[in-house]
Each structure stands twice: as structure tokens, then as C-alpha cells.
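*Asks:* My structure is below; once you've seen it, I'll send some questions.
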Amino acid sequence: MCTVAGAEVSGFNGEGLPADESWLYLPSGLALDPDGRLCIADFNNQRVRCLAGGTLVTVAGTGIHEYSTPGVPMVQTPFDNPIEAQWHDGRLTVLPAHESRVVREDAMGNLEIIAGTGDEGYTGDGGPAVDATFAQPCGFTWGNDGSLWIADTLNGALRRVDEAGIVSTVVSGLAGVQRVRPGEGDHVIVTDTYAGRVLDVSPEGDVTVLGEGFELPWSATLAWDGAIYVTSSGENRIFRLVDGEVELVAGTGEAGFSGDGGPATEARFSWPADTLLLDDGTLVVADMQNGRVRTIGGVATP
């Protein structure tokens, strides 16, 4: 175990400091930018920040807690709690959860809205995604077929925006769906959080249970090694799911912060919210309530 970003204090203490001296405030999502830099959705700091030369650099957000502003560069807009960020076709996409909409960088580098009106609700299926309403969605992903999938959390729905920009509900009646990530082919992997399940979902709405019995799983990410890494956030553990078999990767189950420099299974976390497996087999963990991003070496063999 090793901490690569974040410190004991939750908050924001400026730019240009070493990453392990820089404060984070509920880091909730992880991604790689087009240059391969590790980037963090810094939820309560209203920013997306990337590791560059050992320091944290803000690439989106001003730190102001307001609705985002269309038509301005991504580094000049406020956000209302960015919970997840990803790059697609070289452009940054951000989900500010409390805006109930998805925004991205346009061809000129300015912010544009691609789904959601900003009002909270459940409308718009069959029409343009920009005219639809969502209820505090907490996850999104770009599918392998170019579609945008949205975990419409408070509506308990998984919704999909096709390449023409039309939104539809693929699955409803989920128990607090939290995150959605690419699966095999054009399928996606979903955390049905309050039901403790990890699901495989097709564009046609066919659902297969891949694993269950987790405690408030927030994210489930299919990595290049063929395993799905599940943050069982309610029990402060991370598991590896392969063909229905579950293996503990990290966490004692007790909330807290400890274990850097030692075995990951003996470390303590406080609401691990996301993972990312790097090409060298290192697993990165967003240790959300500890305000840190941590790494576990040797989880997979390249």
C-alpha cells in the first residue's frame, strides 16, 4: 500500500504542491487522460485534477460550488460536485452529480451539455438527451459502441444515450444504481448498490448477475486482466471478481486509515469509491472519506 495523493486534511490547499501534500476533498472517481496521467474527480473541491510531475494540476473546475457554465473553457467553469470524469475521443466528460446532467469538452475546448436539463426528474425517454431529466446520477460511461450510459441513481434506472443523442431507459427498478462501466462487447457493468449486486447489462436490457453479497458496492470495473474490481464500500474492502469467484484484494473491513507500506489486506480504508488498474499491474484506489488516492502494487501481472 502507498498513498500517492491526498493528506490528513480534507479541503483544498492550492496548486503546485507535491501530490501527497495536496489536500483532496472526497475523491470519488479515477480516470486516465489522453497523456496517460492519473486523474481524480475531486468531488467536494469542485475540480478534476491530474497527477503531473509529482504534483496535482486542475484540468477542470474553478473550485466554486455552482452549476457549470456552457461555452467557457473547462478550467473556467464551476461545478456542482463532479463525481466522475472520463475522456472519450480525446475530450473530457464530467458528471456533476448535483446538476443532474452530463457535460463535456467540445471541439473548441469549451463546456457543452450533452444530457440533462439541470432539473431533477425522470422524463425525456425517446427524445433528445439534452431535454431529459435525471435525478442525481452518480455514474456514467462511454460504451464501446459510442453510446453514453448514465446511472440515474435516485431514479433507480440505467439509461442510454445513442449516437443520435436520443435517450432511453434500458433497466429500471434498480436499488440505487451507482456506477456503470464498459463490459464485454457492447454490454456494460453496473453496481446495483443497495441490492449488493454487480450486473452485466446488454443494450437490449438483458441482465445477468455477475456477483452478489457485497455491502454497498459503489464501482465495479472490468480491467485488462479480465477481472472485475469491486469496491464494497460499505465494508471498506476491495474484491476481485472472476467468473463468479470473489477474492479479497484489500481492506480489513474496519473503517479507518492505516497500512501504507504493508500488505493491502491488512490496510484500512474509509469508503473506497473507485479503482483503476494501471498497465503495470498496480491498482489505484480512491479512498474517498480518507481524502486520499492510494496504490496497491503487484495486483495483476502484465
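In the C-alpha cells, chains take letters A, B, ... by order of appearance, with residues numbered from 1 within each chain and ligands from 1 in the order shown.
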Which residues come within 9 Å of Val299 in chain A, counting only C-alpha atoms, excluding same-chain residues fewer than 5 positions away, as a PyMOL selection string?
*Replies:* chain A and resi 249+277+281-283
*Asks:* Could you write those residues out with N, CA, C and O atoms, as a PDB file, in the first residue's frame?
*Replies:*
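Once written, result.pdb looks like this:
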ATOM      1  N   VAL A 249      -8.899  -8.347  -2.190  1.00  0.00           N
ATOM      2  CA  VAL A 249      -7.684  -7.665  -2.637  1.00  0.00           C
ATOM      3  C   VAL A 249      -7.136  -6.754  -1.554  1.00  0.00           C
ATOM      4  O   VAL A 249      -5.922  -6.694  -1.338  1.00  0.00           O
ATOM      5  N   LEU A 277      -6.977  -0.075 -12.713  1.00  0.00           N
ATOM      6  CA  LEU A 277      -5.804  -0.943 -12.841  1.00  0.00           C
ATOM      7  C   LEU A 277      -4.883  -0.386 -13.915  1.00  0.00           C
ATOM      8  O   LEU A 277      -5.262  -0.270 -15.083  1.00  0.00           O
ATOM      9  N   GLY A 281       0.100  -3.340 -13.586  1.00  0.00           N
ATOM     10  CA  GLY A 281      -0.500  -4.218 -12.590  1.00  0.00           C
ATOM     11  C   GLY A 281      -0.761  -3.567 -11.254  1.00  0.00           C
ATOM     12  O   GLY A 281      -1.188  -4.243 -10.311  1.00  0.00           O
ATOM     13  N   THR A 282      -0.533  -2.268 -11.154  1.00  0.00           N
ATOM     14  CA  THR A 282      -0.828  -1.523  -9.930  1.00  0.00           C
ATOM     15  C   THR A 282      -2.301  -1.136  -9.909  1.00  0.00           C
ATOM     16  O   THR A 282      -2.824  -0.626 -10.902  1.00  0.00           O
ATOM     17  N   LEU A 283      -2.949  -1.371  -8.778  1.00  0.00           N
ATOM     18  CA  LEU A 283      -4.347  -0.973  -8.617  1.00  0.00           C
ATOM     19  C   LEU A 283      -4.398   0.344  -7.861  1.00  0.00           C
ATOM     20  O   LEU A 283      -3.842   0.481  -6.775  1.00  0.00           O
TER      21      LEU A 283
END
*Asks:* Please report, as a tab-separated table, each residue of range 59-110 of chain A lying at most 12 Å from range 11-19 of chain A, together with the nearest pair of atoms and the separation in Å rounded to one decimal; use only C-alpha atoms, and order rows by chain and ascending residue number.
*Replies:*
residue	atom	partner	partner_atom	distance
A:Val59	CA	A:Glu15	CA	11.2
A:Thr62	CA	A:Phe12	CA	11.4
A:Gly63	CA	A:Phe12	CA	8.7
A:Ile64	CA	A:Phe12	CA	11.6
*Asks:* Please produce a file of the residues just selected, as a JSON list (two decimals), in the first residue's frame, where the atoms kept are all heavy atoms.
*Replies:*
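Contents of the output file selection_34.json:
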[["chain", "number", "residue", "atom", "x", "y", "z"],
["A", 59, "VAL", "N", -7.50, 20.41, -14.13],
["A", 59, "VAL", "CA", -7.78, 20.46, -15.57],
["A", 59, "VAL", "C", -9.22, 20.87, -15.85],
["A", 59, "VAL", "O", -9.57, 21.17, -16.99],
["A", 59, "VAL", "CB", -7.46, 19.11, -16.24],
["A", 59, "VAL", "CG1", -5.99, 18.79, -16.12],
["A", 59, "VAL", "CG2", -8.32, 17.99, -15.68],
["A", 62, "THR", "N", -13.28, 25.45, -11.20],
["A", 62, "THR", "CA", -12.67, 26.60, -10.52],
["A", 62, "THR", "C", -12.65, 26.45, -9.00],
["A", 62, "THR", "O", -12.03, 27.26, -8.31],
["A", 62, "THR", "CB", -13.46, 27.88, -10.84],
["A", 62, "THR", "OG1", -14.81, 27.71, -10.37],
["A", 62, "THR", "CG2", -13.48, 28.16, -12.34],
["A", 63, "GLY", "N", -13.34, 25.43, -8.50],
["A", 63, "GLY", "CA", -13.48, 25.29, -7.07],
["A", 63, "GLY", "C", -14.74, 25.92, -6.52],
["A", 63, "GLY", "O", -15.08, 25.74, -5.35],
["A", 64, "ILE", "N", -15.44, 26.68, -7.37],
["A", 64, "ILE", "CA", -16.70, 27.30, -6.96],
["A", 64, "ILE", "C", -17.83, 26.28, -7.06],
["A", 64, "ILE", "O", -17.93, 25.55, -8.05],
["A", 64, "ILE", "CB", -17.00, 28.53, -7.83],
["A", 64, "ILE", "CG1", -15.92, 29.59, -7.60],
["A", 64, "ILE", "CG2", -18.38, 29.10, -7.51],
["A", 64, "ILE", "CD1", -16.03, 30.77, -8.53]]
*Asks:* Give me the residues within 10 Å of range 204-212 of chain A as a ChimeraX atom specification, counting only C-alpha atoms and dropping any in the same chain fewer than 4 places off.
*Replies:* /A:158,169-172,187-193,195-200,217,228,230,241-246
*Asks:* Restricted to C-alpha atoms, what would the selected residues look like written as a CSV table (one decimal), in the first residue's frame?
*Replies:*
chain,number,residue,atom,x,y,z
A,158,LEU,CA,-29.9,2.7,-16.1
A,169,THR,CA,-34.3,3.6,-20.1
A,170,VAL,CA,-32.6,0.2,-20.5
A,171,VAL,CA,-33.3,-1.1,-17.0
A,172,SER,CA,-35.4,0.3,-14.2
A,187,HIS,CA,-22.5,-4.6,-22.7
A,188,VAL,CA,-21.9,-2.6,-19.5
A,189,ILE,CA,-21.2,-3.5,-15.9
A,190,VAL,CA,-23.4,-1.9,-13.3
A,191,THR,CA,-23.4,-1.7,-9.5
A,192,ASP,CA,-26.9,-2.2,-8.1
A,193,THR,CA,-25.7,-0.7,-4.9
A,195,ALA,CA,-29.0,-4.7,-3.5
A,196,GLY,CA,-25.3,-5.5,-3.1
A,197,ARG,CA,-25.0,-6.8,-6.7
A,198,VAL,CA,-22.8,-6.4,-9.8
A,199,LEU,CA,-24.7,-6.8,-13.0
A,200,ASP,CA,-23.9,-7.3,-16.7
A,217,PRO,CA,-20.7,-1.7,-3.8
A,228,ILE,CA,-13.8,-7.0,-12.2
A,230,VAL,CA,-15.4,-4.2,-6.9
A,241,LEU,CA,-14.5,-10.9,-9.2
A,242,VAL,CA,-13.7,-13.5,-11.8
A,243,ASP,CA,-16.3,-16.0,-13.2
A,244,GLY,CA,-18.4,-15.6,-10.1
A,245,GLU,CA,-15.5,-16.2,-7.7
A,246,VAL,CA,-14.6,-13.5,-5.2
*Asks:* Considering only C-alpha atoms, return as number ranges by chain whatever protein or nucleic-acid residues lie within 9 Å of range 24-27 of chain A, sequence-local ones (same chain, fewer than 4 positions apart) excluded.
*Replies:* A: 5-7, 9-13, 40-46, 83, 273-274, 286-293
*Asks:* Find the residues around range 70-76 of chain A up to 6 Å (only C-alpha atoms counted), leave out those fewer than 4 positions away in its own chain, and share them as a count of residues only.
*Replies:* 8
*Asks:* Residues near Glu99 in chain A, anyone? I mean within 8 Å using only C-alpha atoms, not counting same-chain ones fewer than 3 positions away, as a short mmCIF file (atom, residue, chain, number, x, y, z; two decimals) with N, CA, C and O atoms, in the first residue's frame.
*Replies:*
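Here's the written file out33.cif:
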data_model
loop_
_atom_site.label_atom_id
_atom_site.label_comp_id
_atom_site.auth_asym_id
_atom_site.auth_seq_id
_atom_site.Cartn_x
_atom_site.Cartn_y
_atom_site.Cartn_z
N TYR A 67 -23.62 25.57 -10.52
CA TYR A 67 -23.83 24.87 -11.78
C TYR A 67 -22.75 25.28 -12.78
O TYR A 67 -22.30 26.43 -12.82
N ASP A 80 -21.06 21.58 -9.74
CA ASP A 80 -21.84 21.23 -8.56
C ASP A 80 -21.59 19.75 -8.26
O ASP A 80 -22.34 18.88 -8.64
N ASN A 81 -20.42 19.51 -7.63
CA ASN A 81 -20.00 18.18 -7.18
C ASN A 81 -19.75 17.19 -8.32
O ASN A 81 -20.55 16.29 -8.58
N PRO A 96 -21.35 16.24 -13.01
CA PRO A 96 -21.59 16.92 -11.74
C PRO A 96 -22.91 16.39 -11.16
O PRO A 96 -23.99 16.74 -11.65
N GLY A 118 -30.69 19.96 -16.15
CA GLY A 118 -30.28 20.57 -14.89
C GLY A 118 -31.36 20.51 -13.84
O GLY A 118 -31.10 20.71 -12.66
N ASP A 119 -32.59 20.20 -14.25
CA ASP A 119 -33.68 19.97 -13.31
C ASP A 119 -33.68 18.50 -12.90
O ASP A 119 -33.32 17.62 -13.67
N GLU A 120 -34.11 18.24 -11.68
CA GLU A 120 -34.18 16.87 -11.19
C GLU A 120 -35.54 16.28 -11.53
O GLU A 120 -36.58 16.87 -11.25
N GLN A 136 -29.96 13.13 -9.79
CA GLN A 136 -28.65 12.99 -9.16
C GLN A 136 -27.91 11.73 -9.62
O GLN A 136 -27.57 10.85 -8.82
#
*Asks:* Rank nothing, just name the residue among A:Ala220, A:Leu276, A:Ala250, A:Val201 nearest to Gly262 in chain A, using only C-alpha atoms.
*Replies:*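 With only C-alpha atoms as the atom set, the closest residue is A:Ala250.
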